[in-house]
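Enquirer: Structure: my_file.cif, mmCIF, C-alpha atoms and all ligand atoms.
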data_query
loop_
_atom_site.group_PDB
_atom_site.id
_atom_site.type_symbol
_atom_site.label_atom_id
_atom_site.label_comp_id
_atom_site.auth_asym_id
_atom_site.auth_seq_id
_atom_site.Cartn_x
_atom_site.Cartn_y
_atom_site.Cartn_z
ATOM 1 C CA MET A 60 41.270 -10.291 -66.076
ATOM 2 C CA LYS A 61 38.237 -9.610 -63.898
ATOM 3 C CA VAL A 62 36.982 -12.272 -61.473
ATOM 4 C CA VAL A 63 33.340 -12.018 -60.343
ATOM 5 C CA HIS A 64 31.324 -14.107 -57.917
ATOM 6 C CA THR A 65 27.787 -12.726 -58.133
ATOM 7 C CA ILE A 66 25.264 -12.304 -60.933
ATOM 8 C CA SER A 67 25.066 -8.569 -60.342
ATOM 9 C CA ASP A 68 28.870 -8.177 -60.634
ATOM 10 C CA LEU A 69 28.818 -10.313 -63.771
ATOM 11 C CA ASN A 70 26.082 -8.120 -65.292
ATOM 12 C CA ASN A 71 28.047 -4.958 -64.445
ATOM 13 C CA GLU A 72 31.137 -6.421 -66.077
ATOM 14 C CA LEU A 73 29.261 -7.570 -69.194
ATOM 15 C CA ILE A 74 28.227 -3.952 -69.906
ATOM 16 C CA ASN A 75 31.853 -3.366 -70.985
ATOM 17 C CA TYR A 76 31.516 -6.014 -73.726
ATOM 18 C CA LYS A 77 28.113 -4.972 -75.132
ATOM 19 C CA SER A 78 29.416 -4.193 -78.612
ATOM 20 C CA LYS A 79 31.785 -7.183 -78.750
ATOM 21 C CA SER A 80 31.357 -10.793 -79.775
ATOM 22 C CA ILE A 81 31.533 -13.034 -76.710
ATOM 23 C CA GLY A 82 33.068 -16.497 -76.541
ATOM 24 C CA PHE A 83 32.069 -18.541 -73.501
ATOM 25 C CA VAL A 84 33.898 -21.510 -71.980
ATOM 26 C CA PRO A 85 31.866 -23.113 -69.160
ATOM 27 C CA THR A 86 34.004 -25.337 -66.909
ATOM 28 C CA MET A 87 33.996 -27.071 -63.561
ATOM 29 C CA GLY A 88 37.570 -25.957 -62.869
ATOM 30 C CA SER A 89 40.736 -28.009 -62.233
ATOM 31 C CA LEU A 90 41.755 -26.674 -65.586
ATOM 32 C CA HIS A 91 44.078 -28.716 -67.787
ATOM 33 C CA ASP A 92 45.411 -28.257 -71.321
ATOM 34 C CA GLY A 93 42.083 -29.465 -72.728
ATOM 35 C CA HIS A 94 40.280 -26.506 -71.112
ATOM 36 C CA ILE A 95 43.063 -24.146 -72.133
ATOM 37 C CA SER A 96 42.676 -25.236 -75.763
ATOM 38 C CA LEU A 97 38.942 -24.364 -75.505
ATOM 39 C CA VAL A 98 39.943 -20.942 -74.185
ATOM 40 C CA GLN A 99 42.452 -20.484 -77.007
ATOM 41 C CA ASN A 100 39.817 -21.396 -79.598
ATOM 42 C CA ALA A 101 37.475 -18.877 -77.978
ATOM 43 C CA LEU A 102 40.177 -16.176 -78.069
ATOM 44 C CA LEU A 103 40.658 -16.781 -81.797
ATOM 45 C CA LYS A 104 36.946 -16.641 -82.594
ATOM 46 C CA ALA A 105 35.527 -13.945 -80.289
ATOM 47 C CA GLU A 106 36.467 -10.416 -79.203
ATOM 48 C CA ALA A 107 35.923 -11.137 -75.508
ATOM 49 C CA VAL A 108 36.222 -14.416 -73.611
ATOM 50 C CA ILE A 109 34.275 -15.328 -70.485
ATOM 51 C CA VAL A 110 35.063 -18.496 -68.504
ATOM 52 C CA SER A 111 32.871 -19.890 -65.734
ATOM 53 C CA ILE A 112 34.122 -22.200 -62.995
ATOM 54 C CA PHE A 113 31.320 -23.972 -61.173
ATOM 55 C CA VAL A 114 31.173 -27.543 -59.927
ATOM 56 C CA ASN A 115 27.516 -28.036 -60.746
ATOM 57 C CA PRO A 116 25.852 -30.252 -58.103
ATOM 58 C CA THR A 117 22.783 -31.082 -60.205
ATOM 59 C CA GLN A 118 24.773 -33.044 -62.800
ATOM 60 C CA PHE A 119 26.310 -35.486 -60.286
ATOM 61 C CA ASN A 120 24.333 -38.647 -59.639
ATOM 62 C CA ASN A 121 26.832 -39.685 -56.986
ATOM 63 C CA THR A 122 27.499 -37.547 -53.897
ATOM 64 C CA LYS A 123 30.944 -39.073 -53.344
ATOM 65 C CA ASP A 124 31.948 -38.114 -56.889
ATOM 66 C CA PHE A 125 30.697 -34.543 -56.275
ATOM 67 C CA ASN A 126 32.482 -34.251 -52.916
ATOM 68 C CA ASN A 127 35.744 -35.595 -54.380
ATOM 69 C CA TYR A 128 35.707 -33.384 -57.463
ATOM 70 C CA PRO A 129 39.087 -31.596 -57.462
ATOM 71 C CA ILE A 130 39.033 -27.806 -56.925
ATOM 72 C CA ASP A 131 41.963 -25.374 -57.156
ATOM 73 C CA TYR A 132 40.744 -21.859 -57.949
ATOM 74 C CA ASP A 133 44.162 -20.195 -57.483
ATOM 75 C CA LYS A 134 45.870 -22.437 -60.028
ATOM 76 C CA ASP A 135 42.916 -22.084 -62.425
ATOM 77 C CA LEU A 136 42.973 -18.291 -62.234
ATOM 78 C CA GLU A 137 46.731 -18.228 -62.816
ATOM 79 C CA LYS A 138 46.274 -20.267 -66.015
ATOM 80 C CA LEU A 139 43.381 -18.142 -67.273
ATOM 81 C CA ASP A 140 45.232 -14.903 -66.528
ATOM 82 C CA LYS A 141 48.164 -16.120 -68.653
ATOM 83 C CA GLU A 142 45.761 -16.603 -71.581
ATOM 84 C CA ASN A 143 44.337 -13.071 -71.192
ATOM 85 C CA VAL A 144 40.788 -14.177 -70.542
ATOM 86 C CA ASP A 145 38.539 -11.149 -69.993
ATOM 87 C CA VAL A 146 36.137 -12.299 -67.262
ATOM 88 C CA VAL A 147 35.982 -15.333 -64.979
ATOM 89 C CA PHE A 148 32.675 -16.080 -63.250
ATOM 90 C CA ILE A 149 32.982 -18.234 -60.119
ATOM 91 C CA PRO A 150 29.503 -18.237 -58.535
ATOM 92 C CA LYS A 151 29.816 -17.890 -54.771
ATOM 93 C CA SER A 152 27.283 -20.668 -54.201
ATOM 94 C CA ALA A 153 24.896 -22.972 -56.019
ATOM 95 C CA ALA A 154 22.037 -20.749 -54.824
ATOM 96 C CA GLU A 155 23.570 -17.775 -56.662
ATOM 97 C CA ILE A 156 22.991 -19.666 -59.894
ATOM 98 C CA TYR A 157 19.830 -21.639 -59.173
ATOM 99 C CA ASN A 158 17.728 -19.222 -57.065
ATOM 100 C CA ASN A 159 15.788 -17.686 -59.931
ATOM 101 C CA GLU A 160 15.777 -20.716 -62.171
ATOM 102 C CA LYS A 161 12.945 -21.017 -64.682
ATOM 103 C CA PRO A 162 13.407 -24.610 -65.857
ATOM 104 C CA ILE A 163 13.124 -25.406 -69.551
ATOM 105 C CA LYS A 164 11.927 -28.667 -70.993
ATOM 106 C CA VAL A 165 14.282 -29.824 -73.696
ATOM 107 C CA ASP A 166 13.435 -32.736 -75.957
ATOM 108 C CA LEU A 167 16.812 -34.203 -76.836
ATOM 109 C CA ASN A 168 15.478 -36.837 -79.239
ATOM 110 C CA GLY A 169 16.907 -39.674 -77.173
ATOM 111 C CA ILE A 170 20.518 -38.401 -77.358
ATOM 112 C CA ASP A 171 20.487 -38.231 -73.553
ATOM 113 C CA GLU A 172 19.062 -41.731 -73.096
ATOM 114 C CA VAL A 173 22.076 -43.835 -74.089
ATOM 115 C CA MET A 174 25.591 -44.379 -72.684
ATOM 116 C CA GLU A 175 26.127 -41.604 -70.069
ATOM 117 C CA GLY A 176 22.363 -41.163 -69.878
ATOM 118 C CA VAL A 177 22.001 -44.794 -68.778
ATOM 119 C CA HIS A 178 24.998 -44.948 -66.440
ATOM 120 C CA ARG A 179 24.666 -41.466 -64.873
ATOM 121 C CA LYS A 180 20.926 -41.034 -64.381
ATOM 122 C CA GLY A 181 19.916 -37.377 -64.405
ATOM 123 C CA HIS A 182 23.378 -36.206 -65.461
ATOM 124 C CA PHE A 183 22.286 -34.481 -68.664
ATOM 125 C CA ASP A 184 19.266 -32.893 -66.933
ATOM 126 C CA GLY A 185 21.767 -31.202 -64.623
ATOM 127 C CA VAL A 186 24.025 -30.164 -67.517
ATOM 128 C CA VAL A 187 21.063 -28.687 -69.426
ATOM 129 C CA ARG A 188 19.814 -26.893 -66.294
ATOM 130 C CA VAL A 189 23.106 -25.193 -65.513
ATOM 131 C CA LEU A 190 23.906 -24.311 -69.136
ATOM 132 C CA ASN A 191 20.431 -22.828 -69.578
ATOM 133 C CA LEU A 192 21.159 -20.515 -66.630
ATOM 134 C CA LEU A 193 24.727 -19.706 -67.692
ATOM 135 C CA PHE A 194 23.752 -19.041 -71.332
ATOM 136 C CA LEU A 195 20.958 -16.687 -70.172
ATOM 137 C CA LEU A 196 23.423 -14.814 -67.955
ATOM 138 C CA VAL A 197 26.454 -14.614 -70.248
ATOM 139 C CA LYS A 198 24.527 -14.325 -73.570
ATOM 140 C CA PRO A 199 27.495 -15.539 -75.598
ATOM 141 C CA HIS A 200 27.737 -15.624 -79.389
ATOM 142 C CA TYR A 201 29.881 -18.776 -79.243
ATOM 143 C CA ALA A 202 30.251 -21.507 -76.598
ATOM 144 C CA PHE A 203 33.065 -24.063 -76.590
ATOM 145 C CA PHE A 204 32.970 -27.724 -75.512
ATOM 146 C CA GLY A 205 35.497 -30.557 -75.731
ATOM 147 C CA GLU A 206 34.910 -33.669 -77.834
ATOM 148 C CA LYS A 207 36.118 -35.790 -74.901
ATOM 149 C CA ASP A 208 32.561 -35.355 -73.597
ATOM 150 C CA TYR A 209 31.176 -35.988 -77.078
ATOM 151 C CA GLN A 210 27.698 -36.971 -75.927
ATOM 152 C CA GLN A 211 27.498 -33.782 -73.855
ATOM 153 C CA LEU A 212 28.522 -31.798 -76.950
ATOM 154 C CA MET A 213 25.637 -33.368 -78.903
ATOM 155 C CA VAL A 214 23.204 -32.684 -76.039
ATOM 156 C CA VAL A 215 24.289 -29.024 -75.917
ATOM 157 C CA LYS A 216 24.032 -28.660 -79.708
ATOM 158 C CA SER A 217 20.515 -30.059 -79.586
ATOM 159 C CA MET A 218 19.566 -27.777 -76.678
ATOM 160 C CA ALA A 219 20.973 -24.694 -78.436
ATOM 161 C CA LYS A 220 19.216 -25.546 -81.707
ATOM 162 C CA LYS A 221 15.871 -25.363 -79.916
ATOM 163 C CA HIS A 222 16.404 -22.763 -77.185
ATOM 164 C CA PHE A 223 19.510 -20.687 -77.980
ATOM 165 C CA LYS A 224 19.507 -20.233 -81.744
ATOM 166 C CA ASN A 225 21.875 -17.254 -81.469
ATOM 167 C CA ILE A 226 24.646 -19.258 -79.805
ATOM 168 C CA GLU A 227 27.020 -21.206 -82.037
ATOM 169 C CA ILE A 228 28.186 -24.338 -80.219
ATOM 170 C CA ILE A 229 31.752 -25.194 -81.153
ATOM 171 C CA GLY A 230 33.265 -28.621 -80.483
ATOM 172 C CA CYS A 231 37.041 -28.802 -80.011
ATOM 173 C CA PRO A 232 39.257 -31.906 -80.402
ATOM 174 C CA THR A 233 40.204 -33.934 -77.319
ATOM 175 C CA LYS A 234 43.603 -33.043 -75.861
ATOM 176 C CA ARG A 235 45.722 -36.036 -74.847
ATOM 177 C CA ASP A 236 48.831 -36.474 -72.739
ATOM 178 C CA GLN A 237 52.039 -37.912 -74.237
ATOM 179 C CA ASN A 238 50.638 -41.450 -73.744
ATOM 180 C CA GLY A 239 47.339 -40.700 -75.438
ATOM 181 C CA LEU A 240 45.267 -40.509 -72.236
ATOM 182 C CA ALA A 241 42.427 -38.023 -72.779
ATOM 183 C CA MET A 242 42.914 -35.028 -70.494
ATOM 184 C CA SER A 243 40.339 -34.886 -67.729
ATOM 185 C CA SER A 244 40.186 -33.229 -64.322
ATOM 186 C CA ARG A 245 39.523 -36.731 -62.967
ATOM 187 C CA ASN A 246 43.009 -37.896 -64.077
ATOM 188 C CA LEU A 247 44.325 -35.991 -61.045
ATOM 189 C CA LEU A 248 42.533 -38.518 -58.843
ATOM 190 C CA LEU A 249 44.100 -41.581 -60.513
ATOM 191 C CA LYS A 250 46.573 -43.516 -58.411
ATOM 192 C CA LYS A 251 50.040 -43.651 -59.948
ATOM 193 C CA GLU A 252 49.792 -47.370 -60.645
ATOM 194 C CA ASP A 253 46.414 -46.888 -62.350
ATOM 195 C CA HIS A 254 47.791 -44.470 -64.921
ATOM 196 C CA ASN A 255 49.192 -47.321 -67.043
ATOM 197 C CA ARG A 256 45.807 -49.022 -66.995
ATOM 198 C CA ALA A 257 44.047 -45.776 -67.959
ATOM 199 C CA ILE A 258 46.122 -45.386 -71.123
ATOM 200 C CA LYS A 259 44.823 -48.766 -72.298
ATOM 201 C CA LEU A 260 41.480 -47.050 -72.983
ATOM 202 C CA ILE A 261 42.802 -45.123 -75.976
ATOM 203 C CA LYS A 262 44.731 -48.203 -77.147
ATOM 204 C CA LEU A 263 41.456 -50.150 -77.156
ATOM 205 C CA LEU A 264 39.627 -47.391 -79.012
ATOM 206 C CA GLU A 265 42.383 -47.398 -81.621
ATOM 207 C CA GLU A 266 42.180 -51.176 -81.914
ATOM 208 C CA SER A 267 38.414 -50.890 -82.515
ATOM 209 C CA LYS A 268 39.116 -48.408 -85.298
ATOM 210 C CA LEU A 269 41.336 -50.976 -87.041
ATOM 211 C CA MET A 270 38.775 -53.729 -86.489
ATOM 212 C CA PHE A 271 36.001 -51.574 -87.932
ATOM 213 C CA GLN A 272 37.306 -52.205 -91.438
ATOM 214 C CA THR A 273 36.795 -55.968 -91.099
ATOM 215 C CA TYR A 274 34.390 -56.889 -88.298
ATOM 216 C CA ASP A 275 30.738 -56.131 -87.544
ATOM 217 C CA HIS A 276 29.759 -53.730 -84.749
ATOM 218 C CA LYS A 277 28.634 -56.367 -82.249
ATOM 219 C CA SER A 278 31.805 -58.445 -82.594
ATOM 220 C CA ILE A 279 33.938 -55.347 -82.000
ATOM 221 C CA GLU A 280 31.869 -54.209 -79.002
ATOM 222 C CA ASP A 281 31.921 -57.705 -77.431
ATOM 223 C CA TYR A 282 35.665 -58.082 -78.000
ATOM 224 C CA CYS A 283 36.401 -54.649 -76.520
ATOM 225 C CA MET A 284 34.162 -55.251 -73.481
ATOM 226 C CA SER A 285 35.968 -58.520 -72.734
ATOM 227 C CA LYS A 286 39.344 -56.794 -73.082
ATOM 228 C CA LEU A 287 38.183 -53.909 -70.876
ATOM 229 C CA LYS A 288 37.259 -56.380 -68.123
ATOM 230 C CA LYS A 289 40.913 -57.405 -67.846
ATOM 231 C CA PHE A 290 42.081 -54.010 -66.592
ATOM 232 C CA SER A 291 38.997 -52.056 -65.459
ATOM 233 C CA ILE A 292 35.392 -52.193 -64.350
ATOM 234 C CA PRO A 293 33.739 -51.547 -67.705
ATOM 235 C CA GLU A 294 30.463 -49.664 -68.122
ATOM 236 C CA TYR A 295 30.121 -49.596 -71.889
ATOM 237 C CA PHE A 296 31.946 -49.871 -75.180
ATOM 238 C CA GLU A 297 29.679 -48.764 -77.999
ATOM 239 C CA ILE A 298 29.865 -47.756 -81.639
ATOM 240 C CA ARG A 299 27.405 -45.057 -82.650
ATOM 241 C CA GLU A 300 26.659 -42.556 -85.412
ATOM 242 C CA ILE A 301 28.337 -39.206 -84.851
ATOM 243 C CA ASP A 302 25.262 -36.913 -85.041
ATOM 244 C CA CYS A 303 22.265 -38.659 -83.545
ATOM 245 C CA LEU A 304 24.249 -41.252 -81.549
ATOM 246 C CA ARG A 305 22.111 -44.045 -82.985
ATOM 247 C CA LYS A 306 23.484 -47.549 -83.319
ATOM 248 C CA VAL A 307 23.477 -48.526 -86.970
ATOM 249 C CA GLY A 308 24.583 -51.767 -88.514
ATOM 250 C CA GLY A 309 26.052 -50.322 -91.695
ATOM 251 C CA LYS A 310 29.343 -48.563 -92.242
ATOM 252 C CA THR A 311 28.411 -45.851 -94.709
ATOM 253 C CA THR A 312 27.705 -43.143 -92.110
ATOM 254 C CA LYS A 313 30.333 -41.510 -89.893
ATOM 255 C CA GLN A 314 30.694 -43.319 -86.569
ATOM 256 C CA ARG A 315 32.576 -43.072 -83.264
ATOM 257 C CA ALA A 316 33.560 -45.616 -80.642
ATOM 258 C CA PHE A 317 32.747 -44.661 -77.032
ATOM 259 C CA VAL A 318 34.089 -46.143 -73.829
ATOM 260 C CA ALA A 319 33.376 -45.674 -70.106
ATOM 261 C CA ALA A 320 35.135 -47.644 -67.385
ATOM 262 C CA LYS A 321 36.271 -47.375 -63.789
ATOM 263 C CA ILE A 322 40.007 -47.571 -63.248
ATOM 264 C CA GLY A 323 40.424 -48.095 -59.528
ATOM 265 C CA ASP A 324 37.774 -45.768 -58.093
ATOM 266 C CA ILE A 325 37.922 -43.308 -60.942
ATOM 267 C CA ARG A 326 35.395 -43.299 -63.750
ATOM 268 C CA LEU A 327 36.864 -42.295 -67.111
ATOM 269 C CA ILE A 328 35.294 -41.813 -70.534
ATOM 270 C CA ASP A 329 36.808 -41.394 -73.987
ATOM 271 C CA ASN A 330 35.832 -41.678 -77.667
ATOM 272 C CA ILE A 331 37.294 -41.410 -81.153
ATOM 273 C CA GLU A 332 36.048 -41.246 -84.718
ATOM 274 C CA ILE A 333 36.528 -44.652 -86.326
ATOM 275 C CA ASN A 334 35.776 -44.155 -90.030
HETATM 276 O O1 LIG A 401 31.938 -30.366 -69.120
HETATM 277 C C1 LIG A 401 31.817 -29.786 -68.012
HETATM 278 O O2 LIG A 401 32.809 -29.422 -67.373
HETATM 279 C C2 LIG A 401 30.428 -29.527 -67.448
HETATM 280 O O3 LIG A 401 29.564 -30.550 -67.767
HETATM 281 C C3 LIG A 401 29.855 -28.153 -67.869
HETATM 282 C C4 LIG A 401 29.650 -28.088 -69.371
HETATM 283 C C5 LIG A 401 30.771 -27.045 -67.426
HETATM 284 C C6 LIG A 401 28.491 -27.944 -67.213
HETATM 285 O O4 LIG A 401 28.592 -27.933 -65.823
#
Could I get this file's structure written as structure tokens?
Ligand code: PAF

Expert:
Amino acid sequence: MKVVHTISDLNNELINYKSKSIGFVPTMGSLHDGHISLVQNALLKAEAVIVSIFVNPTQFNNTKDFNNYPIDYDKDLEKLDKENVDVVFIPKSAAEIYNNEKPIKVDLNGIDEVMEGVHRKGHFDGVVRVLNLLFLLVKPHYAFFGEKDYQQLMVVKSMAKKHFKNIEIIGCPTKRDQNGLAMSSRNLLLKKEDHNRAIKLIKLLEESKLMFQTYDHKSIEDYCMSKLKKFSIPEYFEIREIDCLRKVGGKTTKQRAFVAAKIGDIRLIDNIEIN
């Protein structure tokens, strides 16, 4: 496994994979089993796998959140080495990535204007900016993203459809711990006593799935928000269509329930398909 820190070293390394299909897994590090499952999917699909580790400052709307984001490169590299990843790109600084940026304007058809787009202003602009740069550098055939960040997955699919037609964006199912808590690097920051409250998020999502058969959307959302308030600081509980993330009244199209809430100081998100 080769680890590179500069664009020129990355380019030199990529020459070795010119005739191979490339699977790319962009990450912000603190790798857990969710990331490793993305890597394993990439290994199955592509002949070479490139992983990036970069805590991207432009997608954080909160400096404290950025400064607290957990980082452990040694542990991450150990895990990636075990999986036989080919190349890991850890940019030495934000400038290494952003210095020659030529920004693109992406019309995301409103996908970025709901849920995370409302509660983390500018977040998706930052995600699109960094992925534009990383996709241009790595030139992958496939790129892998977790369904835990389902809205991000839809944003990236929309971006690729318009600007990176040659990259297939592949969504992978959310990995959960033995209690059902969606794996997230932020779980590391949860206090021990908050863990039991965090697992109530998936319980609530599952309850909404049962309710979906009988109740209308608004009643379910209102009920779940009031339940959320009992153990967290809720941001949203919403039911939306799986592709365009629109809110629809009917039940004939495929839909997901989405939740975001603060448990203690830690903001968590999760979602599941409900029909
Ligand atoms: O999901 C993440 O970890 C980040 O948003 C990503 C896709 C690596 C972009 O910085």

Enquirer: Counting all atoms listed in the file, which residues in chain A sit no more than 6 Å from ligand LIG 401 (chain A)? For each one, give the nearest pair of atoms and the distance in Å, sorted by chain then residue number, as a Markdown table.

Expert:
| residue | atom | partner | partner_atom | distance |
| --- | --- | --- | --- | --- |
| A:Pro85 | CA | A:LIG401 | C5 | 4.4 |
| A:Thr86 | CA | A:LIG401 | C5 | 3.7 |
| A:Met87 | CA | A:LIG401 | O2 | 4.6 |
| A:Asn115 | CA | A:LIG401 | O4 | 5.2 |
| A:Val186 | CA | A:LIG401 | C6 | 5.0 |

Enquirer: Could you turn the residues from that selection into a file that holds C-alpha atoms, as a CSV table (one decimal), in the coordinates of the input?

Expert:
chain,number,residue,atom,x,y,z
A,85,PRO,CA,31.9,-23.1,-69.2
A,86,THR,CA,34.0,-25.3,-66.9
A,87,MET,CA,34.0,-27.1,-63.6
A,115,ASN,CA,27.5,-28.0,-60.7
A,186,VAL,CA,24.0,-30.2,-67.5

Enquirer: Identify all residues satisfying the PyMOL selection byres (((chain A and resi 128) around 9) and not hetatm) in the given file; provide them as an MDAnalysis selection string.

Expert: chainID A and resid 87 89 114 123:127 129:130 244:245 248

Enquirer: Restricting the calculation to only C-alpha atoms, which member of A:Val84, A:His64, A:Leu193, A:Arg188 is positioned closest to Ser152 in chain A?

Expert: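 So, comparing all the options, the nearest one is A:His64.
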
Enquirer: Got a sec: who's within 12 Å of range 153-157 of chain A, counting all atoms listed in the file, leaving out chain neighbours fewer than 4 positions off, as an MDAnalysis selection string?

Expert: chainID A and resid 63:69 111:117 148:149 161:162 185 188:196

Enquirer: One number please: CA of Ser217 in chain A to CA of Phe203 in chain A, in Å, one decimal.

Expert: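 These two atoms are separated by 14.2 Å.
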
Enquirer: At a cut-off of 8 Å, using all atoms listed in the file, what residues contact Ile81 in chain A? Leave out same-chain residues fewer than 6 positions from it and give the result as a CSV table (one decimal) with C-alpha atoms, in the coordinates of the input.

Expert:
chain,number,residue,atom,x,y,z
A,105,ALA,CA,35.5,-13.9,-80.3
A,106,GLU,CA,36.5,-10.4,-79.2
A,107,ALA,CA,35.9,-11.1,-75.5
A,108,VAL,CA,36.2,-14.4,-73.6
A,109,ILE,CA,34.3,-15.3,-70.5
A,198,LYS,CA,24.5,-14.3,-73.6
A,199,PRO,CA,27.5,-15.5,-75.6
A,200,HIS,CA,27.7,-15.6,-79.4
A,201,TYR,CA,29.9,-18.8,-79.2

Enquirer: One decimal, in Å: what's the spacing between CA of Val144 in chain A and CA of Met213 in chain A?

Expert: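 Pair CA of Val144 in chain A / CA of Met213 in chain A returns 25.8 Å.
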
Enquirer: Go through A:Glu266, A:Asp324, A:Asp329, A:Asp135 one by one, measure the shortest atom-to-atom distance of each to Lys250 in chain A using all atoms listed in the file, and give the residue with the smallest value.

Expert: A:Asp324

Enquirer: Could you add the missing atoms to range 104-118 of chain A, up to N, CA and C atoms, and return them as an mmCIF file, in the coordinates of the input?

Expert:
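Heads up, here's the output in part15.cif:
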data_model
loop_
_atom_site.group_PDB
_atom_site.id
_atom_site.type_symbol
_atom_site.label_atom_id
_atom_site.label_comp_id
_atom_site.auth_asym_id
_atom_site.auth_seq_id
_atom_site.Cartn_x
_atom_site.Cartn_y
_atom_site.Cartn_z
ATOM 1 N N LYS A 104 38.247 -16.822 -81.925
ATOM 2 C CA LYS A 104 36.946 -16.641 -82.594
ATOM 3 C C LYS A 104 36.212 -15.370 -82.127
ATOM 4 N N ALA A 105 36.360 -15.020 -80.846
ATOM 5 C CA ALA A 105 35.527 -13.945 -80.289
ATOM 6 C C ALA A 105 36.384 -12.763 -79.815
ATOM 7 N N GLU A 106 35.723 -11.610 -79.658
ATOM 8 C CA GLU A 106 36.467 -10.416 -79.203
ATOM 9 C C GLU A 106 36.648 -10.399 -77.680
ATOM 10 N N ALA A 107 35.766 -11.063 -76.970
ATOM 11 C CA ALA A 107 35.923 -11.137 -75.508
ATOM 12 C C ALA A 107 35.649 -12.576 -75.070
ATOM 13 N N VAL A 108 36.395 -13.027 -74.060
ATOM 14 C CA VAL A 108 36.222 -14.416 -73.611
ATOM 15 C C VAL A 108 35.853 -14.459 -72.123
ATOM 16 N N ILE A 109 34.758 -15.155 -71.857
ATOM 17 C CA ILE A 109 34.275 -15.328 -70.485
ATOM 18 C C ILE A 109 34.397 -16.817 -70.147
ATOM 19 N N VAL A 110 34.962 -17.108 -68.972
ATOM 20 C CA VAL A 110 35.063 -18.496 -68.504
ATOM 21 C C VAL A 110 34.272 -18.597 -67.200
ATOM 22 N N SER A 111 33.500 -19.670 -67.046
ATOM 23 C CA SER A 111 32.871 -19.890 -65.734
ATOM 24 C C SER A 111 33.512 -21.110 -65.086
ATOM 25 N N ILE A 112 33.630 -21.048 -63.770
ATOM 26 C CA ILE A 112 34.122 -22.200 -62.995
ATOM 27 C C ILE A 112 33.059 -22.497 -61.946
ATOM 28 N N PHE A 113 32.398 -23.635 -62.107
ATOM 29 C CA PHE A 113 31.320 -23.972 -61.173
ATOM 30 C C PHE A 113 31.127 -25.479 -61.174
ATOM 31 N N VAL A 114 31.405 -26.100 -60.036
ATOM 32 C CA VAL A 114 31.173 -27.543 -59.927
ATOM 33 C C VAL A 114 29.675 -27.708 -59.679
ATOM 34 N N ASN A 115 28.977 -28.075 -60.739
ATOM 35 C CA ASN A 115 27.516 -28.036 -60.746
ATOM 36 C C ASN A 115 26.919 -29.260 -60.049
ATOM 37 N N PRO A 116 26.330 -29.076 -58.852
ATOM 38 C CA PRO A 116 25.852 -30.252 -58.103
ATOM 39 C C PRO A 116 24.761 -31.034 -58.813
ATOM 40 N N THR A 117 23.948 -30.370 -59.639
ATOM 41 C CA THR A 117 22.783 -31.082 -60.205
ATOM 42 C C THR A 117 23.166 -32.099 -61.282
ATOM 43 N N GLN A 118 24.414 -32.067 -61.755
ATOM 44 C CA GLN A 118 24.773 -33.044 -62.800
ATOM 45 C C GLN A 118 25.502 -34.263 -62.243
#
